[in-house]
Amino acid sequence: MSGASSSQSTFDVCMQSLSANLTTDEQQTEMLRCISNTIDETRSGVDAFYLIYAASLVFFMQAGFAMVCAGSVRLKNLQNTMLKNLLDACGAALGFYTVGYAFAWGSSYPGVQGSGGTNNDDLTFAGFSNFFLSDMDRKAFWLFQFSFAATSATIVAGALAERSQMLAYLLYSTLLTAFVYPIVVHSIWTPKGFLSSFTANPLFGIGVIDYAGSLVVHVTGGQTALIAAYVLGARKGRFHEIDGRRITKDFPGHSIALKMLGVFILWFGWYGF
């Protein structure tokens, strides 16, 4: 019986639910209401599936970054580089799960009526709810946002190749996704951000329009990488002087194949953006 009912169309199910005591107009109204409710349920399921699918593509970029970094470093530093890319995902998960999501999206959600500000007095610097994902039932949306946070953190891995300690790198990944990245997200992507283009009165009449994470994800990661590279300086032995002349020593990567594999993985994963 259950197998037969599962094969029935939405129209048949709604027809069977109609009462014979209703008038023709009432039956038409109930029929439309039944079909509308079914479509809403289907749409919610499709939306969740699409978020998980896109999140999987974006998170798969972690493998691409790992391959690019692995092929770009010397063989003796391969294990160190692989572990740092793993710590990116681990640190990002800890930071974004505990407080990062709350600071970024707390009490806000795109497309939900009432979640955005109606005037400049409603704008906030950060969110202050849903810590540890409490009172938050959109787990697929969290997974989607986490994949972006992890991507922003792992952009820095290449800039610090061969010259950072594991504990320091884990702390960086956690702090970036827990505090720095969420503030940028809240300011630009959420309806309550002071730079957002989704508010009633956006900045300069238009707000900040972010295309495919080019600002929120990539500029945040890129600026962090620039600062980190400046603080750490060059790798040991990269530059030295001979007779007053500055000599540069090349440190070629050990595998062109890994770098090419990483490029294609990143290319494929970017479609999730």
# chains A, B, ... in the order shown; residues from 1 in each chain; ligands from 1

call {"tool": "select_by_dssp", "arguments": {"residues": "stretch 3-162 of chain A", "states": "helix (DSSP H, G or I)", "output": "mmCIF file with N, CA and C atoms, in the first residue's frame"}}
result
data_model
loop_
_atom_site.group_PDB
_atom_site.id
_atom_site.type_symbol
_atom_site.label_atom_id
_atom_site.label_comp_id
_atom_site.auth_asym_id
_atom_site.auth_seq_id
_atom_site.Cartn_x
_atom_site.Cartn_y
_atom_site.Cartn_z
ATOM 1 N N GLY A 3 3.884 1.385 -1.082
ATOM 2 C CA GLY A 3 4.569 1.487 -2.357
ATOM 3 C C GLY A 3 3.691 2.095 -3.419
ATOM 4 N N ALA A 4 2.374 1.760 -3.380
ATOM 5 C CA ALA A 4 1.453 2.321 -4.369
ATOM 6 C C ALA A 4 1.260 3.799 -4.148
ATOM 7 N N SER A 5 1.147 4.219 -2.861
ATOM 8 C CA SER A 5 0.932 5.636 -2.577
ATOM 9 C C SER A 5 2.149 6.472 -2.931
ATOM 10 N N SER A 6 3.355 5.890 -2.767
ATOM 11 C CA SER A 6 4.561 6.652 -3.058
ATOM 12 C C SER A 6 4.726 6.893 -4.547
ATOM 13 N N THR A 10 1.377 14.076 -7.397
ATOM 14 C CA THR A 10 0.854 15.083 -6.471
ATOM 15 C C THR A 10 -0.616 15.359 -6.747
ATOM 16 N N PHE A 11 -0.975 15.378 -8.022
ATOM 17 C CA PHE A 11 -2.369 15.633 -8.397
ATOM 18 C C PHE A 11 -3.283 14.552 -7.846
ATOM 19 N N ASP A 12 -2.870 13.273 -7.971
ATOM 20 C CA ASP A 12 -3.706 12.179 -7.480
ATOM 21 C C ASP A 12 -3.862 12.232 -5.969
ATOM 22 N N VAL A 13 -2.765 12.497 -5.268
ATOM 23 C CA VAL A 13 -2.829 12.579 -3.807
ATOM 24 C C VAL A 13 -3.765 13.694 -3.368
ATOM 25 N N CYS A 14 -3.667 14.836 -4.005
ATOM 26 C CA CYS A 14 -4.523 15.968 -3.640
ATOM 27 C C CYS A 14 -5.979 15.704 -3.997
ATOM 28 N N MET A 15 -6.213 15.008 -5.089
ATOM 29 C CA MET A 15 -7.588 14.665 -5.466
ATOM 30 C C MET A 15 -8.227 13.764 -4.421
ATOM 31 N N GLN A 16 -7.455 12.797 -3.910
ATOM 32 C CA GLN A 16 -7.983 11.876 -2.915
ATOM 33 C C GLN A 16 -8.254 12.556 -1.583
ATOM 34 N N SER A 17 -7.557 13.650 -1.320
ATOM 35 C CA SER A 17 -7.738 14.345 -0.045
ATOM 36 C C SER A 17 -8.944 15.270 -0.038
ATOM 37 N N THR A 24 -17.788 23.107 -5.713
ATOM 38 C CA THR A 24 -16.767 23.092 -6.769
ATOM 39 C C THR A 24 -15.697 24.145 -6.521
ATOM 40 N N ASP A 25 -16.114 25.341 -6.134
ATOM 41 C CA ASP A 25 -15.137 26.401 -5.855
ATOM 42 C C ASP A 25 -14.263 26.036 -4.661
ATOM 43 N N GLU A 26 -14.852 25.442 -3.627
ATOM 44 C CA GLU A 26 -14.074 25.063 -2.449
ATOM 45 C C GLU A 26 -13.085 23.937 -2.778
ATOM 46 N N GLN A 27 -13.525 23.011 -3.630
ATOM 47 C CA GLN A 27 -12.625 21.935 -4.034
ATOM 48 C C GLN A 27 -11.439 22.472 -4.827
ATOM 49 N N GLN A 28 -11.716 23.437 -5.697
ATOM 50 C CA GLN A 28 -10.616 24.041 -6.456
ATOM 51 C C GLN A 28 -9.635 24.757 -5.528
ATOM 52 N N THR A 29 -10.182 25.468 -4.526
ATOM 53 C CA THR A 29 -9.316 26.168 -3.569
ATOM 54 C C THR A 29 -8.470 25.193 -2.772
ATOM 55 N N GLU A 30 -9.101 24.123 -2.277
ATOM 56 C CA GLU A 30 -8.365 23.113 -1.503
ATOM 57 C C GLU A 30 -7.330 22.398 -2.367
ATOM 58 N N MET A 31 -7.680 22.178 -3.629
ATOM 59 C CA MET A 31 -6.750 21.517 -4.552
ATOM 60 C C MET A 31 -5.498 22.371 -4.752
ATOM 61 N N LEU A 32 -5.681 23.655 -4.984
ATOM 62 C CA LEU A 32 -4.549 24.559 -5.166
ATOM 63 C C LEU A 32 -3.720 24.665 -3.896
ATOM 64 N N ARG A 33 -4.397 24.672 -2.737
ATOM 65 C CA ARG A 33 -3.670 24.758 -1.476
ATOM 66 C C ARG A 33 -2.828 23.504 -1.249
ATOM 67 N N CYS A 34 -3.374 22.354 -1.564
ATOM 68 C CA CYS A 34 -2.649 21.093 -1.399
ATOM 69 C C CYS A 34 -1.424 21.042 -2.313
ATOM 70 N N ILE A 35 -1.606 21.438 -3.566
ATOM 71 C CA ILE A 35 -0.480 21.440 -4.508
ATOM 72 C C ILE A 35 0.585 22.440 -4.072
ATOM 73 N N SER A 36 0.155 23.613 -3.577
ATOM 74 C CA SER A 36 1.101 24.632 -3.128
ATOM 75 C C SER A 36 1.922 24.126 -1.944
ATOM 76 N N ASN A 37 1.263 23.454 -0.990
ATOM 77 C CA ASN A 37 1.985 22.928 0.170
ATOM 78 C C ASN A 37 2.993 21.864 -0.250
ATOM 79 N N THR A 38 2.617 21.027 -1.206
ATOM 80 C CA THR A 38 3.531 19.989 -1.684
ATOM 81 C C THR A 38 4.741 20.601 -2.370
ATOM 82 N N ILE A 39 4.486 21.645 -3.161
ATOM 83 C CA ILE A 39 5.593 22.319 -3.847
ATOM 84 C C ILE A 39 6.533 22.967 -2.847
ATOM 85 N N ASP A 40 5.973 23.557 -1.783
ATOM 86 C CA ASP A 40 6.815 24.177 -0.756
ATOM 87 C C ASP A 40 7.714 23.147 -0.088
ATOM 88 N N GLU A 41 7.159 21.973 0.216
ATOM 89 C CA GLU A 41 7.963 20.919 0.827
ATOM 90 C C GLU A 41 9.073 20.454 -0.114
ATOM 91 N N THR A 42 8.715 20.292 -1.382
ATOM 92 C CA THR A 42 9.707 19.866 -2.370
ATOM 93 C C THR A 42 10.795 20.918 -2.537
ATOM 94 N N ARG A 43 10.399 22.179 -2.564
ATOM 95 C CA ARG A 43 11.360 23.270 -2.724
ATOM 96 C C ARG A 43 12.339 23.320 -1.556
ATOM 97 N N SER A 44 11.849 23.094 -0.342
ATOM 98 C CA SER A 44 12.739 23.095 0.820
ATOM 99 C C SER A 44 13.772 21.982 0.716
ATOM 100 N N GLY A 45 13.316 20.811 0.266
ATOM 101 C CA GLY A 45 14.244 19.702 0.100
ATOM 102 C C GLY A 45 15.276 19.961 -0.980
ATOM 103 N N VAL A 46 14.835 20.545 -2.087
ATOM 104 C CA VAL A 46 15.758 20.858 -3.183
ATOM 105 C C VAL A 46 16.758 21.925 -2.749
ATOM 106 N N ASP A 47 16.284 22.934 -2.005
ATOM 107 C CA ASP A 47 17.181 23.984 -1.519
ATOM 108 C C ASP A 47 18.267 23.394 -0.613
ATOM 109 N N ALA A 48 17.867 22.494 0.291
ATOM 110 C CA ALA A 48 18.840 21.876 1.195
ATOM 111 C C ALA A 48 19.841 21.032 0.417
ATOM 112 N N PHE A 49 19.342 20.278 -0.570
ATOM 113 C CA PHE A 49 20.245 19.457 -1.372
ATOM 114 C C PHE A 49 21.236 20.318 -2.141
ATOM 115 N N TYR A 50 20.748 21.422 -2.705
ATOM 116 C CA TYR A 50 21.631 22.284 -3.488
ATOM 117 C C TYR A 50 22.698 22.919 -2.610
ATOM 118 N N LEU A 51 22.338 23.317 -1.391
ATOM 119 C CA LEU A 51 23.325 23.889 -0.473
ATOM 120 C C LEU A 51 24.401 22.861 -0.116
ATOM 121 N N ILE A 52 23.978 21.636 0.160
ATOM 122 C CA ILE A 52 24.942 20.589 0.489
ATOM 123 C C ILE A 52 25.831 20.273 -0.707
ATOM 124 N N TYR A 53 25.236 20.248 -1.893
ATOM 125 C CA TYR A 53 26.002 19.978 -3.114
ATOM 126 C C TYR A 53 27.048 21.071 -3.363
ATOM 127 N N ALA A 54 26.611 22.342 -3.260
ATOM 128 C CA ALA A 54 27.543 23.446 -3.474
ATOM 129 C C ALA A 54 28.612 23.482 -2.385
ATOM 130 N N ALA A 55 28.221 23.190 -1.142
ATOM 131 C CA ALA A 55 29.196 23.158 -0.044
ATOM 132 C C ALA A 55 30.238 22.073 -0.275
ATOM 133 N N SER A 56 29.818 20.946 -0.827
ATOM 134 C CA SER A 56 30.759 19.858 -1.118
ATOM 135 C C SER A 56 31.768 20.278 -2.173
ATOM 136 N N LEU A 57 31.301 20.996 -3.188
ATOM 137 C CA LEU A 57 32.216 21.468 -4.227
ATOM 138 C C LEU A 57 33.244 22.440 -3.648
ATOM 139 N N VAL A 58 32.758 23.390 -2.849
ATOM 140 C CA VAL A 58 33.665 24.393 -2.283
ATOM 141 C C VAL A 58 34.643 23.745 -1.303
ATOM 142 N N PHE A 59 34.149 22.829 -0.472
ATOM 143 C CA PHE A 59 35.043 22.179 0.483
ATOM 144 C C PHE A 59 36.059 21.289 -0.234
ATOM 145 N N PHE A 60 35.684 20.754 -1.382
ATOM 146 C CA PHE A 60 36.620 19.937 -2.158
ATOM 147 C C PHE A 60 37.813 20.766 -2.621
ATOM 148 N N MET A 61 37.659 22.088 -2.650
ATOM 149 C CA MET A 61 38.782 22.952 -3.001
ATOM 150 C C MET A 61 39.921 22.833 -1.988
ATOM 151 N N GLN A 62 39.623 22.356 -0.778
ATOM 152 C CA GLN A 62 40.689 22.134 0.195
ATOM 153 C C GLN A 62 41.723 21.161 -0.362
ATOM 154 N N ALA A 63 41.239 20.134 -1.070
ATOM 155 C CA ALA A 63 42.155 19.180 -1.702
ATOM 156 C C ALA A 63 42.972 19.855 -2.793
ATOM 157 N N GLY A 64 42.333 20.779 -3.523
ATOM 158 C CA GLY A 64 43.057 21.506 -4.562
ATOM 159 C C GLY A 64 44.166 22.374 -4.001
ATOM 160 N N PHE A 65 43.847 23.116 -2.935
ATOM 161 C CA PHE A 65 44.888 23.935 -2.295
ATOM 162 C C PHE A 65 46.018 23.061 -1.764
ATOM 163 N N ALA A 66 45.661 21.909 -1.201
ATOM 164 C CA ALA A 66 46.679 21.009 -0.662
ATOM 165 C C ALA A 66 47.610 20.516 -1.760
ATOM 166 N N MET A 67 47.046 20.164 -2.922
ATOM 167 C CA MET A 67 47.875 19.667 -4.016
ATOM 168 C C MET A 67 48.775 20.764 -4.591
ATOM 169 N N VAL A 68 48.224 21.971 -4.722
ATOM 170 C CA VAL A 68 49.039 23.080 -5.232
ATOM 171 C C VAL A 68 50.198 23.374 -4.278
ATOM 172 N N CYS A 69 49.885 23.420 -2.976
ATOM 173 C CA CYS A 69 50.944 23.675 -1.995
ATOM 174 C C CYS A 69 51.965 22.547 -1.977
ATOM 175 N N ALA A 70 51.480 21.308 -2.056
ATOM 176 C CA ALA A 70 52.385 20.158 -2.014
ATOM 177 C C ALA A 70 53.343 20.166 -3.194
ATOM 178 N N GLY A 71 52.845 20.505 -4.361
ATOM 179 C CA GLY A 71 53.712 20.529 -5.528
ATOM 180 C C GLY A 71 54.645 21.714 -5.579
ATOM 181 N N SER A 72 54.337 22.767 -4.807
ATOM 182 C CA SER A 72 55.121 23.996 -4.865
ATOM 183 C C SER A 72 56.250 24.051 -3.847
ATOM 184 N N LEU A 75 60.584 18.759 -1.353
ATOM 185 C CA LEU A 75 60.135 17.451 -0.894
ATOM 186 C C LEU A 75 60.266 17.294 0.620
ATOM 187 N N LYS A 76 61.280 17.882 1.211
ATOM 188 C CA LYS A 76 61.506 17.716 2.651
ATOM 189 C C LYS A 76 60.410 18.388 3.481
ATOM 190 N N ASN A 77 59.686 19.332 2.880
ATOM 191 C CA ASN A 77 58.627 20.049 3.603
ATOM 192 C C ASN A 77 57.232 19.581 3.213
ATOM 193 N N LEU A 78 57.138 18.484 2.474
ATOM 194 C CA LEU A 78 55.845 18.010 1.991
ATOM 195 C C LEU A 78 54.911 17.631 3.139
ATOM 196 N N GLN A 79 55.395 16.876 4.085
ATOM 197 C CA GLN A 79 54.554 16.435 5.193
ATOM 198 C C GLN A 79 54.067 17.626 6.016
ATOM 199 N N ASN A 80 54.934 18.583 6.258
ATOM 200 C CA ASN A 80 54.552 19.786 6.996
ATOM 201 C C ASN A 80 53.440 20.543 6.281
ATOM 202 N N THR A 81 53.567 20.663 4.971
ATOM 203 C CA THR A 81 52.570 21.393 4.189
ATOM 204 C C THR A 81 51.224 20.678 4.191
ATOM 205 N N MET A 82 51.229 19.352 4.058
ATOM 206 C CA MET A 82 49.979 18.592 4.069
ATOM 207 C C MET A 82 49.262 18.724 5.408
ATOM 208 N N LEU A 83 50.020 18.666 6.483
ATOM 209 C CA LEU A 83 49.409 18.777 7.803
ATOM 210 C C LEU A 83 48.806 20.158 8.018
ATOM 211 N N LYS A 84 49.453 21.192 7.514
ATOM 212 C CA LYS A 84 48.908 22.547 7.659
ATOM 213 C C LYS A 84 47.585 22.684 6.917
ATOM 214 N N ASN A 85 47.482 22.074 5.743
ATOM 215 C CA ASN A 85 46.212 22.136 5.023
ATOM 216 C C ASN A 85 45.114 21.373 5.766
ATOM 217 N N LEU A 86 45.476 20.312 6.442
ATOM 218 C CA LEU A 86 44.495 19.608 7.265
ATOM 219 C C LEU A 86 44.073 20.459 8.453
ATOM 220 N N LEU A 87 45.043 21.148 9.071
ATOM 221 C CA LEU A 87 44.732 22.005 10.210
ATOM 222 C C LEU A 87 43.827 23.165 9.810
ATOM 223 N N ASP A 88 43.918 23.592 8.561
ATOM 224 C CA ASP A 88 43.016 24.640 8.078
ATOM 225 C C ASP A 88 41.562 24.237 8.273
ATOM 226 N N ALA A 89 41.227 23.044 7.778
ATOM 227 C CA ALA A 89 39.849 22.574 7.866
ATOM 228 C C ALA A 89 39.445 22.333 9.317
ATOM 229 N N CYS A 90 40.356 21.769 10.120
ATOM 230 C CA CYS A 90 40.047 21.497 11.526
ATOM 231 C C CYS A 90 39.845 22.795 12.310
ATOM 232 N N GLY A 91 40.776 23.729 12.154
ATOM 233 C CA GLY A 91 40.657 24.997 12.861
ATOM 234 C C GLY A 91 39.440 25.791 12.430
ATOM 235 N N ALA A 92 39.155 25.773 11.125
ATOM 236 C CA ALA A 92 37.980 26.487 10.619
ATOM 237 C C ALA A 92 36.696 25.883 11.166
ATOM 238 N N ALA A 93 36.638 24.560 11.259
ATOM 239 C CA ALA A 93 35.448 23.909 11.802
ATOM 240 C C ALA A 93 35.229 24.303 13.265
ATOM 241 N N LEU A 94 36.294 24.307 14.052
ATOM 242 C CA LEU A 94 36.178 24.687 15.462
ATOM 243 C C LEU A 94 35.742 26.140 15.622
ATOM 244 N N GLY A 95 36.430 27.027 14.889
ATOM 245 C CA GLY A 95 36.135 28.443 15.027
ATOM 246 C C GLY A 95 34.754 28.818 14.533
ATOM 247 N N PHE A 96 34.351 28.269 13.391
ATOM 248 C CA PHE A 96 33.070 28.667 12.811
ATOM 249 C C PHE A 96 31.899 27.998 13.524
ATOM 250 N N TYR A 97 32.122 26.814 14.074
ATOM 251 C CA TYR A 97 31.047 26.135 14.802
ATOM 252 C C TYR A 97 30.769 26.815 16.144
ATOM 253 N N THR A 98 31.809 27.187 16.850
ATOM 254 C CA THR A 98 31.627 27.716 18.204
ATOM 255 C C THR A 98 31.047 29.135 18.197
ATOM 256 N N VAL A 99 31.769 30.074 17.604
ATOM 257 C CA VAL A 99 31.327 31.475 17.646
ATOM 258 C C VAL A 99 31.304 32.139 16.269
ATOM 259 N N GLY A 100 32.010 31.572 15.306
ATOM 260 C CA GLY A 100 32.119 32.231 14.002
ATOM 261 C C GLY A 100 30.784 32.427 13.313
ATOM 262 N N TYR A 101 29.973 31.379 13.260
ATOM 263 C CA TYR A 101 28.672 31.505 12.604
ATOM 264 C C TYR A 101 27.787 32.513 13.333
ATOM 265 N N ALA A 102 27.853 32.519 14.655
ATOM 266 C CA ALA A 102 27.030 33.450 15.435
ATOM 267 C C ALA A 102 27.408 34.895 15.131
ATOM 268 N N PHE A 103 28.705 35.186 15.065
ATOM 269 C CA PHE A 103 29.136 36.548 14.739
ATOM 270 C C PHE A 103 28.797 36.919 13.302
ATOM 271 N N ALA A 104 28.794 35.948 12.419
ATOM 272 C CA ALA A 104 28.533 36.228 11.001
ATOM 273 C C ALA A 104 27.044 36.310 10.698
ATOM 274 N N TRP A 105 26.265 35.295 11.099
ATOM 275 C CA TRP A 105 24.873 35.177 10.670
ATOM 276 C C TRP A 105 23.883 35.139 11.820
ATOM 277 N N ASN A 120 18.916 52.521 9.268
ATOM 278 C CA ASN A 120 20.301 52.471 9.732
ATOM 279 C C ASN A 120 20.419 52.155 11.218
ATOM 280 N N ASP A 121 19.355 52.383 11.990
ATOM 281 C CA ASP A 121 19.402 52.072 13.415
ATOM 282 C C ASP A 121 19.405 50.567 13.669
ATOM 283 N N ASP A 122 18.974 49.773 12.678
ATOM 284 C CA ASP A 122 18.915 48.321 12.839
ATOM 285 C C ASP A 122 20.218 47.635 12.449
ATOM 286 N N PHE A 131 25.188 30.826 18.972
ATOM 287 C CA PHE A 131 26.493 30.309 19.363
ATOM 288 C C PHE A 131 26.406 28.800 19.515
ATOM 289 N N PHE A 132 27.425 28.099 19.056
ATOM 290 C CA PHE A 132 27.437 26.638 19.039
ATOM 291 C C PHE A 132 26.213 26.087 18.297
ATOM 292 N N LEU A 133 25.716 26.860 17.342
ATOM 293 C CA LEU A 133 24.555 26.495 16.514
ATOM 294 C C LEU A 133 23.292 26.276 17.348
ATOM 295 N N LYS A 139 21.000 23.581 9.225
ATOM 296 C CA LYS A 139 22.342 23.002 9.257
ATOM 297 C C LYS A 139 22.990 22.985 7.877
ATOM 298 N N ALA A 140 22.198 22.819 6.825
ATOM 299 C CA ALA A 140 22.755 22.833 5.466
ATOM 300 C C ALA A 140 23.348 24.203 5.144
ATOM 301 N N PHE A 141 22.691 25.258 5.624
ATOM 302 C CA PHE A 141 23.209 26.606 5.401
ATOM 303 C C PHE A 141 24.512 26.806 6.167
ATOM 304 N N TRP A 142 24.598 26.267 7.391
ATOM 305 C CA TRP A 142 25.862 26.357 8.145
ATOM 306 C C TRP A 142 26.986 25.652 7.390
ATOM 307 N N LEU A 143 26.711 24.467 6.867
ATOM 308 C CA LEU A 143 27.740 23.723 6.142
ATOM 309 C C LEU A 143 28.222 24.512 4.930
ATOM 310 N N PHE A 144 27.293 25.157 4.231
ATOM 311 C CA PHE A 144 27.646 25.971 3.068
ATOM 312 C C PHE A 144 28.548 27.126 3.470
ATOM 313 N N GLN A 145 28.188 27.820 4.545
ATOM 314 C CA GLN A 145 28.981 28.952 5.008
ATOM 315 C C GLN A 145 30.323 28.506 5.578
ATOM 316 N N PHE A 146 30.358 27.355 6.227
ATOM 317 C CA PHE A 146 31.619 26.836 6.758
ATOM 318 C C PHE A 146 32.619 26.559 5.640
ATOM 319 N N SER A 147 32.139 26.033 4.515
ATOM 320 C CA SER A 147 33.053 25.735 3.405
ATOM 321 C C SER A 147 33.725 27.002 2.888
ATOM 322 N N PHE A 148 33.011 28.114 2.893
ATOM 323 C CA PHE A 148 33.610 29.391 2.493
ATOM 324 C C PHE A 148 34.630 29.868 3.532
ATOM 325 N N ALA A 149 34.286 29.716 4.808
ATOM 326 C CA ALA A 149 35.209 30.125 5.867
ATOM 327 C C ALA A 149 36.511 29.339 5.784
ATOM 328 N N ALA A 150 36.408 28.032 5.547
ATOM 329 C CA ALA A 150 37.605 27.201 5.432
ATOM 330 C C ALA A 150 38.429 27.592 4.215
ATOM 331 N N THR A 151 37.760 27.968 3.134
ATOM 332 C CA THR A 151 38.474 28.408 1.932
ATOM 333 C C THR A 151 39.253 29.686 2.196
ATOM 334 N N SER A 152 38.621 30.629 2.892
ATOM 335 C CA SER A 152 39.310 31.882 3.211
ATOM 336 C C SER A 152 40.547 31.621 4.062
ATOM 337 N N ALA A 153 40.455 30.667 4.983
ATOM 338 C CA ALA A 153 41.592 30.368 5.852
ATOM 339 C C ALA A 153 42.721 29.680 5.091
ATOM 340 N N THR A 154 42.373 28.766 4.196
ATOM 341 C CA THR A 154 43.419 27.986 3.516
ATOM 342 C C THR A 154 44.136 28.775 2.428
ATOM 343 N N ALA A 157 47.699 29.434 3.380
ATOM 344 C CA ALA A 157 48.652 28.329 3.526
ATOM 345 C C ALA A 157 49.855 28.485 2.599
ATOM 346 N N GLY A 158 49.623 28.865 1.356
ATOM 347 C CA GLY A 158 50.729 28.996 0.412
ATOM 348 C C GLY A 158 51.683 30.116 0.769
ATOM 349 N N ALA A 159 51.149 31.190 1.358
ATOM 350 C CA ALA A 159 52.005 32.326 1.714
ATOM 351 C C ALA A 159 52.928 32.003 2.882
ATOM 352 N N LEU A 160 52.549 30.995 3.681
ATOM 353 C CA LEU A 160 53.349 30.644 4.861
ATOM 354 C C LEU A 160 54.113 29.339 4.672
#

call {"tool": "residues_around", "arguments": {"residues": "A:Ala212", "least_positions_apart": "3", "cutoff": "12 Å", "atoms": "only C-alpha atoms", "output": "PyMOL selection string"}}
result
chain A and resi 58+148+189+209+215-219+270-273
